[in-house]
Structure formats: C-alpha cells, structure tokens
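Raw contents of start24.txt, compact mmCIF, C-alpha atoms and all ligand atoms:
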```
# COMPACT_ATOMS: atom_id res chain seq x y z
CA MET V 1 -12.84 42.32 9.61
CA VAL V 2 -15.22 41.85 6.70
CA THR V 3 -14.60 38.55 4.96
CA LYS V 4 -14.57 38.91 1.19
CA LYS V 5 -16.44 36.16 -0.72
CA ILE V 6 -15.39 35.02 -4.17
CA LYS V 7 -17.54 32.50 -6.04
CA ILE V 8 -15.91 30.48 -8.78
CA ASP V 9 -16.78 27.58 -11.04
CA SER V 10 -13.95 25.19 -10.18
CA GLN V 11 -13.85 23.76 -13.72
CA LYS V 12 -13.11 27.23 -15.06
CA ALA V 13 -10.75 28.56 -12.39
CA THR V 14 -7.55 30.15 -13.71
CA PRO V 15 -4.74 31.99 -11.93
CA GLU V 16 -5.94 35.25 -13.57
CA LEU V 17 -9.46 34.85 -12.12
CA LEU V 18 -7.97 34.33 -8.65
CA ASN V 19 -5.66 37.30 -8.67
CA ASP V 20 -7.52 39.20 -5.91
CA ALA V 21 -7.31 36.23 -3.56
CA ALA V 22 -3.67 35.62 -4.52
CA GLU V 23 -2.88 39.24 -3.68
CA ILE V 24 -4.32 38.71 -0.18
CA ILE V 25 -2.01 35.70 0.27
CA ARG V 26 1.01 37.65 -1.02
CA SER V 27 0.32 40.50 1.37
CA GLY V 28 0.18 38.22 4.41
CA GLY V 29 -3.59 37.63 4.71
CA LEU V 30 -5.66 34.45 5.04
CA VAL V 31 -7.75 32.90 2.25
CA ALA V 32 -9.97 29.82 2.60
CA PHE V 33 -10.09 27.77 -0.59
CA PRO V 34 -11.60 24.51 -1.84
CA THR V 35 -9.55 21.37 -2.45
CA GLU V 36 -10.67 17.90 -3.56
CA THR V 37 -10.65 16.78 0.11
CA VAL V 38 -11.88 19.61 2.38
CA TYR V 39 -11.57 23.41 2.41
CA GLY V 40 -8.16 24.72 3.47
CA LEU V 41 -7.29 27.92 5.33
CA GLY V 42 -4.26 29.26 3.50
CA ALA V 43 -1.39 31.67 4.05
CA ASP V 44 1.98 32.26 2.36
CA ALA V 45 4.04 29.37 3.76
CA PHE V 46 7.20 31.49 3.65
CA ASN V 47 5.66 34.33 5.70
CA GLU V 48 5.89 33.31 9.34
CA GLU V 49 3.68 36.14 10.62
CA ALA V 50 0.95 35.14 8.16
CA VAL V 51 1.16 31.50 9.25
CA LYS V 52 0.81 32.55 12.89
CA LYS V 53 -2.53 34.15 11.97
CA ILE V 54 -3.82 30.72 10.90
CA TYR V 55 -3.26 29.26 14.37
CA LYS V 56 -5.06 32.26 15.83
CA ALA V 57 -8.04 32.18 13.44
CA LYS V 58 -8.57 28.45 14.05
CA GLY V 59 -7.75 28.41 17.75
CA ARG V 60 -5.27 25.68 16.81
CA PRO V 61 -2.66 24.38 19.29
CA SER V 62 0.72 25.63 18.11
CA ASP V 63 2.31 22.16 18.36
CA ASN V 64 0.21 20.94 15.43
CA PRO V 65 2.07 21.46 12.13
CA MET V 66 0.48 22.37 8.81
CA ILE V 67 0.47 20.97 5.31
CA VAL V 68 2.30 23.01 2.66
CA HIS V 69 0.47 22.98 -0.69
CA ILE V 70 2.32 23.34 -3.98
CA ALA V 71 0.92 23.47 -7.51
CA ASP V 72 3.39 21.21 -9.32
CA LYS V 73 5.72 18.32 -8.53
CA GLY V 74 8.55 20.41 -9.98
CA ASP V 75 8.21 22.81 -7.02
CA ILE V 76 8.84 20.19 -4.35
CA LEU V 77 12.47 21.09 -3.65
CA ASN V 78 11.32 24.60 -2.70
CA VAL V 79 10.07 23.10 0.56
CA CYS V 80 11.92 19.84 1.23
CA SER V 81 15.59 18.93 1.12
CA GLU V 82 15.29 15.57 -0.62
CA VAL V 83 12.71 13.31 -2.23
CA PRO V 84 13.49 9.62 -1.61
CA PRO V 85 12.81 7.21 -4.53
CA ALA V 86 9.74 5.71 -2.81
CA ALA V 87 8.23 9.18 -2.45
CA ARG V 88 8.96 9.89 -6.13
CA LEU V 89 7.17 6.70 -7.10
CA LEU V 90 4.10 7.50 -5.00
CA MET V 91 4.03 11.05 -6.35
CA GLU V 92 4.13 9.75 -9.88
CA LYS V 93 1.13 7.51 -9.17
CA PHE V 94 -1.01 9.60 -6.80
CA SER V 95 -0.14 13.29 -7.06
CA PRO V 96 -1.75 15.66 -7.74
CA GLY V 97 -4.33 14.16 -5.38
CA PRO V 98 -5.45 13.49 -1.81
CA ILE V 99 -2.11 12.43 -0.33
CA THR V 100 0.39 14.34 1.82
CA TYR V 101 4.05 13.32 2.11
CA ILE V 102 6.14 13.91 5.22
CA LEU V 103 9.65 14.75 4.01
CA LYS V 104 12.79 16.33 5.43
CA LYS V 105 12.20 20.08 5.33
CA ASN V 106 14.53 22.57 3.72
CA LYS V 107 15.79 25.76 5.33
CA SER V 108 13.24 28.06 3.73
CA VAL V 109 10.37 26.47 5.67
CA ASN V 110 9.90 28.21 9.01
CA ASP V 111 9.31 26.55 12.38
CA THR V 112 5.81 27.95 12.68
CA VAL V 113 4.61 25.86 9.72
CA THR V 114 6.28 22.68 10.99
CA ALA V 115 5.70 23.34 14.70
CA GLY V 116 9.45 23.00 15.17
CA LEU V 117 9.78 19.57 13.50
CA ASP V 118 12.61 18.95 11.01
CA THR V 119 10.09 17.47 8.59
CA VAL V 120 7.46 19.14 6.41
CA ALA V 121 4.10 17.86 5.16
CA VAL V 122 3.69 18.51 1.41
CA ARG V 123 0.64 18.06 -0.79
CA ILE V 124 -0.13 18.77 -4.43
CA PRO V 125 -3.91 19.12 -4.58
CA SER V 126 -5.70 18.08 -7.76
CA ASP V 127 -8.52 20.61 -7.36
CA ASN V 128 -8.38 23.16 -10.13
CA THR V 129 -9.18 26.17 -7.92
CA ALA V 130 -6.58 25.20 -5.33
CA ARG V 131 -3.86 24.85 -7.96
CA ALA V 132 -4.84 28.07 -9.73
CA LEU V 133 -4.66 29.93 -6.41
CA ILE V 134 -1.21 28.55 -5.57
CA LYS V 135 0.04 29.43 -9.05
CA ALA V 136 -1.40 32.93 -8.87
CA ALA V 137 0.12 33.49 -5.41
CA GLY V 138 3.52 32.34 -6.64
CA VAL V 139 4.38 30.86 -3.22
CA PRO V 140 3.63 27.56 -1.47
CA ILE V 141 0.46 27.83 0.63
CA ALA V 142 0.41 26.52 4.20
CA ALA V 143 -3.10 25.35 5.00
CA PRO V 144 -4.82 23.24 7.61
CA SER V 145 -8.52 22.48 7.20
CA ALA V 146 -10.58 25.70 7.38
CA ASN V 147 -12.63 24.85 10.49
CA LEU V 148 -12.37 26.10 14.05
CA SER V 149 -10.08 23.70 15.87
CA GLY V 150 -12.06 20.67 17.05
CA LYS V 151 -15.02 21.18 14.66
CA PRO V 152 -15.76 18.93 11.70
CA SER V 153 -13.69 19.88 8.63
CA PRO V 154 -15.58 22.05 6.11
CA THR V 155 -16.63 20.45 2.84
CA ARG V 156 -18.57 23.44 1.50
CA ALA V 157 -18.04 27.20 1.64
CA ALA V 158 -21.03 27.69 3.97
CA HIS V 159 -19.25 25.57 6.61
CA VAL V 160 -16.18 27.79 6.33
CA SER V 161 -18.38 30.88 6.75
CA GLU V 162 -19.96 29.41 9.91
CA ASP V 163 -16.53 29.07 11.52
CA MET V 164 -14.45 31.83 9.91
CA ASP V 165 -16.61 34.82 8.93
CA GLY V 166 -15.03 37.96 10.38
CA ARG V 167 -11.81 36.11 11.28
CA ILE V 168 -10.14 35.87 7.84
CA GLU V 169 -9.77 38.09 4.76
CA CYS V 170 -11.39 35.92 2.09
CA ILE V 171 -13.35 32.74 1.32
CA ILE V 172 -13.31 31.27 -2.19
CA ASP V 173 -16.52 29.31 -2.83
CA GLY V 174 -15.76 26.62 -5.39
CA GLY V 175 -18.68 24.34 -4.48
CA ASP V 176 -18.71 21.07 -2.53
CA CYS V 177 -15.52 19.05 -2.05
CA ASP V 178 -15.51 15.70 -3.87
CA ILE V 179 -13.81 13.40 -1.40
CA GLY V 180 -14.94 14.91 1.88
CA VAL V 181 -12.26 13.54 4.23
CA GLU V 182 -8.75 14.97 4.54
CA SER V 183 -5.76 13.62 2.61
CA THR V 184 -3.82 10.49 3.48
CA VAL V 185 -0.73 11.52 5.46
CA ILE V 186 2.28 9.28 4.76
CA ASP V 187 5.67 9.55 6.44
CA MET V 188 8.44 9.04 3.85
CA THR V 189 11.38 9.81 6.14
CA GLY V 190 11.96 6.28 7.51
CA GLU V 191 13.01 2.91 6.12
CA PHE V 192 9.53 2.21 4.78
CA PRO V 193 6.48 4.45 4.28
CA VAL V 194 4.15 4.79 7.26
CA ILE V 195 0.59 6.02 6.86
CA LEU V 196 -0.16 8.35 9.77
CA ARG V 197 -3.68 9.34 8.71
CA PRO V 198 -5.92 7.28 6.40
CA GLY V 199 -7.58 9.16 3.54
CA GLY V 200 -8.57 9.06 -0.10
CA ILE V 201 -5.43 7.17 -1.17
CA THR V 202 -5.81 3.91 0.73
CA ILE V 203 -3.22 1.53 2.17
CA GLU V 204 -4.33 -1.03 -0.43
CA MET V 205 -3.53 1.44 -3.25
CA ILE V 206 -0.13 2.29 -1.78
CA LYS V 207 0.88 -1.33 -1.14
CA GLU V 208 0.38 -2.07 -4.80
CA TYR V 209 3.53 -0.02 -5.47
CA ILE V 210 5.34 -0.27 -2.13
CA PRO V 211 4.44 -3.54 -0.36
CA SER V 212 6.47 -2.59 2.72
CA ALA V 213 4.17 0.36 3.53
CA VAL V 214 2.43 0.09 6.90
CA GLU V 215 -0.34 1.89 8.72
CA ASN V 216 0.20 3.47 12.08
CA THR V 217 -3.15 5.10 12.41
CA ARG V 218 -4.70 2.81 15.00
CA LEU V 219 -8.37 3.51 14.68
CA THR V 220 -8.46 4.53 18.31
CA GLY V 221 -6.08 6.26 20.67
CA ASP V 222 -3.23 8.73 20.22
CA ILE V 223 -0.74 8.76 17.39
CA PRO V 224 2.01 11.04 18.64
CA LYS V 225 3.98 10.78 15.37
CA SER V 226 1.42 12.99 13.62
CA PRO V 227 0.72 15.65 16.21
CA GLY V 228 -2.73 16.46 14.83
CA MET V 229 -4.07 12.99 15.47
CA LYS V 230 -3.94 13.32 19.24
CA TYR V 231 -6.63 15.96 19.59
CA ARG V 232 -10.36 15.29 19.77
CA HIS V 233 -11.36 16.21 16.26
CA TYR V 234 -14.35 16.44 14.02
CA ALA V 235 -16.71 16.83 16.94
CA PRO V 236 -20.19 18.29 16.72
CA ASN V 237 -21.73 19.79 19.86
CA ALA V 238 -23.64 16.58 20.50
CA SER V 239 -21.98 13.53 21.96
CA VAL V 240 -21.51 10.83 19.35
CA THR V 241 -21.92 7.06 19.65
CA VAL V 242 -20.84 4.78 16.81
CA VAL V 243 -22.55 1.43 16.30
CA GLU V 244 -20.55 -0.83 14.05
CA GLY V 245 -20.88 -4.33 12.69
CA ASP V 246 -21.11 -6.33 9.50
CA LYS V 247 -24.66 -7.58 10.11
CA ARG V 248 -26.93 -4.63 9.45
CA ASP V 249 -29.94 -6.06 11.32
CA ALA V 250 -27.90 -6.40 14.50
CA VAL V 251 -26.56 -2.84 14.12
CA LEU V 252 -30.04 -1.40 13.58
CA LYS V 253 -31.44 -3.32 16.52
CA LYS V 254 -28.73 -1.86 18.75
CA ILE V 255 -29.45 1.65 17.42
CA CYS V 256 -33.15 1.16 18.22
CA SER V 257 -32.38 0.14 21.78
CA LEU V 258 -29.98 3.06 22.29
CA CYS V 259 -32.71 5.44 21.12
CA GLU V 260 -35.09 3.94 23.67
CA GLU V 261 -32.54 4.13 26.50
CA ASN V 262 -31.84 7.80 25.68
CA GLY V 263 -35.46 8.83 25.17
CA GLY V 264 -35.00 12.04 27.21
CA LYS V 265 -32.45 13.43 24.77
CA ARG V 266 -32.81 14.95 21.32
CA ILE V 267 -31.37 12.18 19.13
CA GLY V 268 -30.07 12.34 15.57
CA VAL V 269 -29.26 9.05 13.83
CA ILE V 270 -26.91 8.73 10.84
CA LEU V 271 -27.68 5.63 8.79
CA ARG V 272 -26.10 4.32 5.62
CA ASP V 273 -29.40 3.68 4.00
CA LYS V 274 -33.19 3.58 4.47
CA THR V 275 -34.61 0.86 6.74
CA GLU V 276 -37.94 -0.61 7.83
CA PHE V 277 -36.73 -0.73 11.43
CA PRO V 278 -38.85 1.53 13.66
CA ILE V 279 -36.05 3.80 14.89
CA CYS V 280 -37.44 6.30 17.39
CA ALA V 281 -34.95 9.13 16.84
CA ASP V 282 -35.86 12.82 16.51
CA PHE V 283 -34.38 12.79 13.03
CA ILE V 284 -32.53 10.41 10.71
CA LEU V 285 -29.92 11.44 8.11
CA TYR V 286 -28.56 9.18 5.37
CA ALA V 287 -24.86 8.80 4.52
CA GLY V 288 -25.12 6.50 1.49
CA ARG V 289 -24.23 2.89 0.80
CA THR V 290 -20.61 3.17 -0.29
CA GLY V 291 -17.53 4.29 1.61
CA SER V 292 -17.03 7.15 -0.85
CA GLU V 293 -20.55 8.46 -0.36
CA TYR V 294 -20.13 8.27 3.42
CA ALA V 295 -16.78 10.09 3.18
CA SER V 296 -18.21 12.88 1.03
CA LYS V 297 -21.14 13.47 3.39
CA LEU V 298 -19.75 12.70 6.85
CA PHE V 299 -18.63 16.16 7.97
CA ALA V 300 -21.67 17.90 6.48
CA LEU V 301 -23.93 15.43 8.33
CA LEU V 302 -22.17 16.07 11.65
CA ARG V 303 -22.68 19.82 11.14
CA GLU V 304 -26.31 19.24 10.21
CA CYS V 305 -26.79 17.39 13.51
CA ASP V 306 -25.65 20.58 15.27
CA ASP V 307 -27.99 22.72 13.17
CA LYS V 308 -30.82 20.42 14.24
CA ASN V 309 -29.75 20.70 17.90
CA ALA V 310 -29.05 17.04 18.49
CA GLU V 311 -27.81 16.18 21.97
CA LEU V 312 -26.87 12.63 21.00
CA VAL V 313 -25.80 11.42 17.56
CA ILE V 314 -25.83 7.69 16.86
CA ALA V 315 -23.99 6.73 13.68
CA GLU V 316 -23.98 3.44 11.78
CA THR V 317 -20.71 2.12 10.33
CA ASP V 318 -19.40 -1.18 9.01
CA ARG V 319 -15.94 -2.69 8.92
CA SER V 320 -15.27 -2.60 5.20
CA GLU V 321 -11.90 -1.24 4.11
CA GLY V 322 -10.76 1.18 1.38
CA ILE V 323 -11.88 4.74 2.02
CA ASN V 324 -14.19 3.43 4.73
CA THR V 325 -11.05 3.13 6.88
CA ALA V 326 -10.77 6.94 6.72
CA VAL V 327 -14.48 7.33 7.49
CA ARG V 328 -14.12 5.13 10.58
CA ASN V 329 -10.98 6.95 11.71
CA ARG V 330 -12.79 10.32 11.58
CA ILE V 331 -16.03 9.17 13.09
CA TYR V 332 -14.26 7.33 15.93
CA LYS V 333 -12.54 10.61 16.76
CA SER V 334 -15.79 12.54 16.68
CA ALA V 335 -17.13 9.92 19.10
CA ALA V 336 -14.02 10.16 21.31
CA ASP V 337 -13.72 6.39 20.77
CA ASN V 338 -17.22 5.66 22.02
CA VAL V 339 -17.74 2.76 19.61
CA ILE V 340 -20.08 -0.17 20.15
CA GLN V 341 -19.23 -3.24 18.07
CA VAL V 342 -22.12 -5.61 17.45
CA PHE V 343 -21.80 -9.07 15.98
O1 LIG V 401 -6.78 17.17 2.85
C1 LIG V 401 -6.05 17.76 3.63
O2 LIG V 401 -4.99 17.27 4.06
C2 LIG V 401 -6.48 19.16 4.08
C3 LIG V 401 -6.47 20.07 2.87
C4 LIG V 401 -6.77 21.50 3.21
O3 LIG V 401 -5.25 19.95 2.19
N1 LIG V 401 -5.63 19.66 5.11
C5 LIG V 401 -5.63 19.17 6.38
O4 LIG V 401 -4.77 19.81 7.24
O5 LIG V 401 -6.32 18.25 6.73
P1 LIG V 401 -4.79 19.60 8.82
O6 LIG V 401 -3.87 20.63 9.35
O7 LIG V 401 -6.18 19.64 9.31
O8 LIG V 401 -4.12 18.21 9.02
C6 LIG V 401 -2.74 18.03 8.80
C7 LIG V 401 -2.27 16.78 9.48
C8 LIG V 401 -2.27 16.94 10.99
O9 LIG V 401 -2.71 15.71 11.56
C9 LIG V 401 -0.82 17.24 11.30
O10 LIG V 401 -0.46 16.88 12.61
C10 LIG V 401 -0.11 16.39 10.28
O11 LIG V 401 -0.90 16.52 9.11
N2 LIG V 401 1.24 16.91 9.98
C11 LIG V 401 1.58 18.10 9.43
N3 LIG V 401 2.92 18.22 9.36
C12 LIG V 401 3.45 17.08 9.85
C13 LIG V 401 4.78 16.59 10.05
N4 LIG V 401 5.83 17.29 9.73
N5 LIG V 401 4.93 15.34 10.61
C14 LIG V 401 3.84 14.60 10.94
N6 LIG V 401 2.56 15.01 10.78
C15 LIG V 401 2.37 16.22 10.26
MG MG V 402 -7.95 19.61 10.40
```
Could you spell out this file's structure in structure tokens?
Amino acid sequence: MVTKKIKIDSQKATPELLNDAAEIIRSGGLVAFPTETVYGLGADAFNEEAVKKIYKAKGRPSDNPMIVHIADKGDILNVCSEVPPAARLLMEKFSPGPITYILKKNKSVNDTVTAGLDTVAVRIPSDNTARALIKAAGVPIAAPSANLSGKPSPTRAAHVSEDMDGRIECIIDGGDCDIGVESTVIDMTGEFPVILRPGGITIEMIKEYIPSAVENTRLTGDIPKSPGMKYRHYAPNASVTVVEGDKRDAVLKKICSLCEENGGKRIGVILRDKTEFPICADFILYAGRTGSEYASKLFALLRECDDKNAELVIAETDRSEGINTAVRNRIYKSAADNVIQVF
C-alpha cells in the first residue's frame, strides 16, 4: 500500500481542506493525524472492520481498548450512555484538550473499540486539524497513538512515517505536537474520579474542581484498570536507565559513574540542561528545564537515541510534579522501571 501524505498548516485546517482524508475514514481506511498530545491512528469508530485494521497496523494486543475522538461536547451521547455531573464539570473546564474520560458506553460503540469493556474512553482534542478531520468525516474517530505497539508515541509526522509507511492509507502532517505526552485518562464511572494515566491535565488541576479525585497511576508496576498501562511502552531499542533526584550534582555524578561502568557500550545521555560535568557518553541530548519542555521532547529524544544507535540511554529526571508526573510515568515505562534514585 502506498501511504498518501497530506501536509497542512494546523492553524488553517478546515473540514473542506481535509475532505480527501475524511473520505478515507468514511470508506473504512486508516488515517494518521496530529493532535495537541501525540499523533493518532484513526478509523471510523462505528466501523468494526476498520477498527480491527488499527490493531493490525500497530501490532497492538486486542485487549487494549482505544480512545474515541469527537469534535464537540454536544456529540458525547453518540458514544456514551450518560455523562455524570462530575464529568460535565471537568469537560466544561478542560475540554477540548488533553484529557480522556472513561464513561459507560452506549450500544453503538462496538466491542472492538472497547476491547469488550462496558466503558468507552472519549476525548475532544483541541488541535484544529484533529477537529476538522472529525467534522469532515462526520463520525467519531477511534484512535490510539500512531506508533508501532511498544515504540515511543509519535510527536511529528516523520515518526509516524517511520512506523506506518506502507501499512496505512494516509498521514496528515500538521507539524509537531505541542504537549508531547498522551492525554490524561480519568475514570468517571465510579464514586469519585480516578486518574488512570497522568497527562497534560494534572491531578492538581483536577482537584481544584473535584477534591475527591485520586490518582491510580502508580509510577511503577501494572495498572490493570487501564489495560494499556500494563505493557512495556515507549521503549527505544536501547535499554534505558533513569537517574532521578532533586540535587542535580548528585544526579550528574551518578550519570558520570554509570557512563564509566558501561564504557563498552554506545551510550546516549538525556539531560535537562547543559552542565560542566565531564560526562563521557557517546552523545548527549537536552530535554529542557521545565516539565513542559521535557514532555514535548521526550518521545522525539527516545527516537533520536535509536537513530544514533545507542545501546544504553541514561536519562535525568527530577521529582517535581505537574506535567513532570506524566514525563516520569512515560520514562519509567521506557526504562521498564529501571530507576535509580539519588539523594
Ligand atoms: O493523547 C492521547 O490520548 C492519544 C491521542 C491520539 O488522542 N491517544 C492515545 O491512545 O494515547 P492510546 O491507545 O495509546 O492510549 C489509550 C489509553 C490506553 O492506556 C488504554 O488502555 C486506555 O486509554 N483506555 C482506553 N479505553 C479504556 C477504557 N474503556 N477503560 C480504561 N482504560 C481505557
Ligand atoms: Mg499509545
């Protein structure tokens, strides 16, 4: 299959400009598209055969359900059976945006999208291209991240091409994603909201409106409630070690000694920021000082480590909160929980 490429200026995207891509969705094909978080791999959520093709293209385990994307809050009852008041409140504050609500599904959502669960994950993306595509298609779009299963999520069209060229009908290139880590997933079906995956909308932001909200994302280990969180994710070919602490000198010293111990390997180091420390790695990449910068670059940096043939990646993190919680969650997974805390 030849993968069609459409380039679009996200600021100027309209449903009319995306009609070709929308037609592919309507006829049961797969289209990768940008969102404010990461690129998604979309199909008509109401077309079960089309949704099956997503699992195949990604090599995704079929027990891992997908997020259904809609263009407007007014469309929510097309996919779920009820919207509890707490969900309405959060939607008013944070949607469109990087947050996904787990709600009771309605009958029109097939079991392939939800992997047989009686709940459905729903998100209203804020990205202009994503919304224009959904509007043009005229159906909700089921979409996981547009990477091969287990690879870092794609934050630019070139990453999608690396993984998906020849496997899907179309890639819409709308430039780099702003946020860079996937949406916050929040379960709204219980007594109080439970965050299953940290993301751009943080627990602190949610608690401001619903103080009873809790996190069940444990930075390490399995979270069976959200099936996707149990797989090793976001992994480059190299093995990853995270070095974390609040005292930067201690963290850098540990990174130096790990580089020395692993001298036989090709080592890539991901640092927040420049340093005078003599780090003897094969290459050093910089993620930026703030949690948001780290989030926006993380997956691209992990892919760059592969391009540079790293065998070992050593990544610096700290324990600040906010979106850094999402950064740590993703990077811990890429490291298969190989995290060294230094004090
Ligand atoms: O930002 C994002 O969320 C991106 C963009 C494309 O929207 N999408 C994304 O999809 O990250 P994916 O499939 O890579 O992650 C969806 C997560 C998985 O961890 C999945 O297990 C969980 O949401 N999920 C989906 N449906 C669920 C449900 N009914 N109950 C619990 N978890 C669910
Ligand atoms: Mg994913």
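Excluding Glu244 (chain V) itself and same-chain residues fewer than 3 positions from it, the residues having an atom within 7 Å of it are V:Val251, V:Glu316, V:Thr317, V:Asp318, V:Ile340, V:Gln341, V:Val342, counting only C-alpha atoms.
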Select, from V:Asp282, V:Gly245, V:Leu301, V:Asp127, the residue with the minimum atom-to-atom distance to Ile270 (chain V), counting all atoms listed in the file.
-> V:Leu301
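Coordinates place CA of Ala115 (chain V) at a distance of 12.6 Å from atom P1 of ligand LIG 401 (chain V).
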Could you name the residues that touch Val51 (chain V) at 10 Å or less, counting only C-alpha atoms, but leaving out those on the same chain fewer than 5 positions away, as a list in words?
-> Gly28, Gly29, Leu30, Leu41, Gly42, Ala43, Asp44, Ala45, Phe46, Lys56, Met66, Asn110, Thr112, Val113, Ile141, Ala142 and Ala143 of chain V
Looking at V:Pro84, V:Pro144, V:Pro61, V:Gly174, which one is nearest to Asn128 (chain V), with distances taken over only C-alpha atoms?
-> V:Gly174
Within-10 Å residues of ligand MG 402 (chain V), basis all atoms listed in the file, as a PyMOL selection string = chain V and resi 38-41+58+60+64+66-67+143-154+181-182+228-229+231+233-234
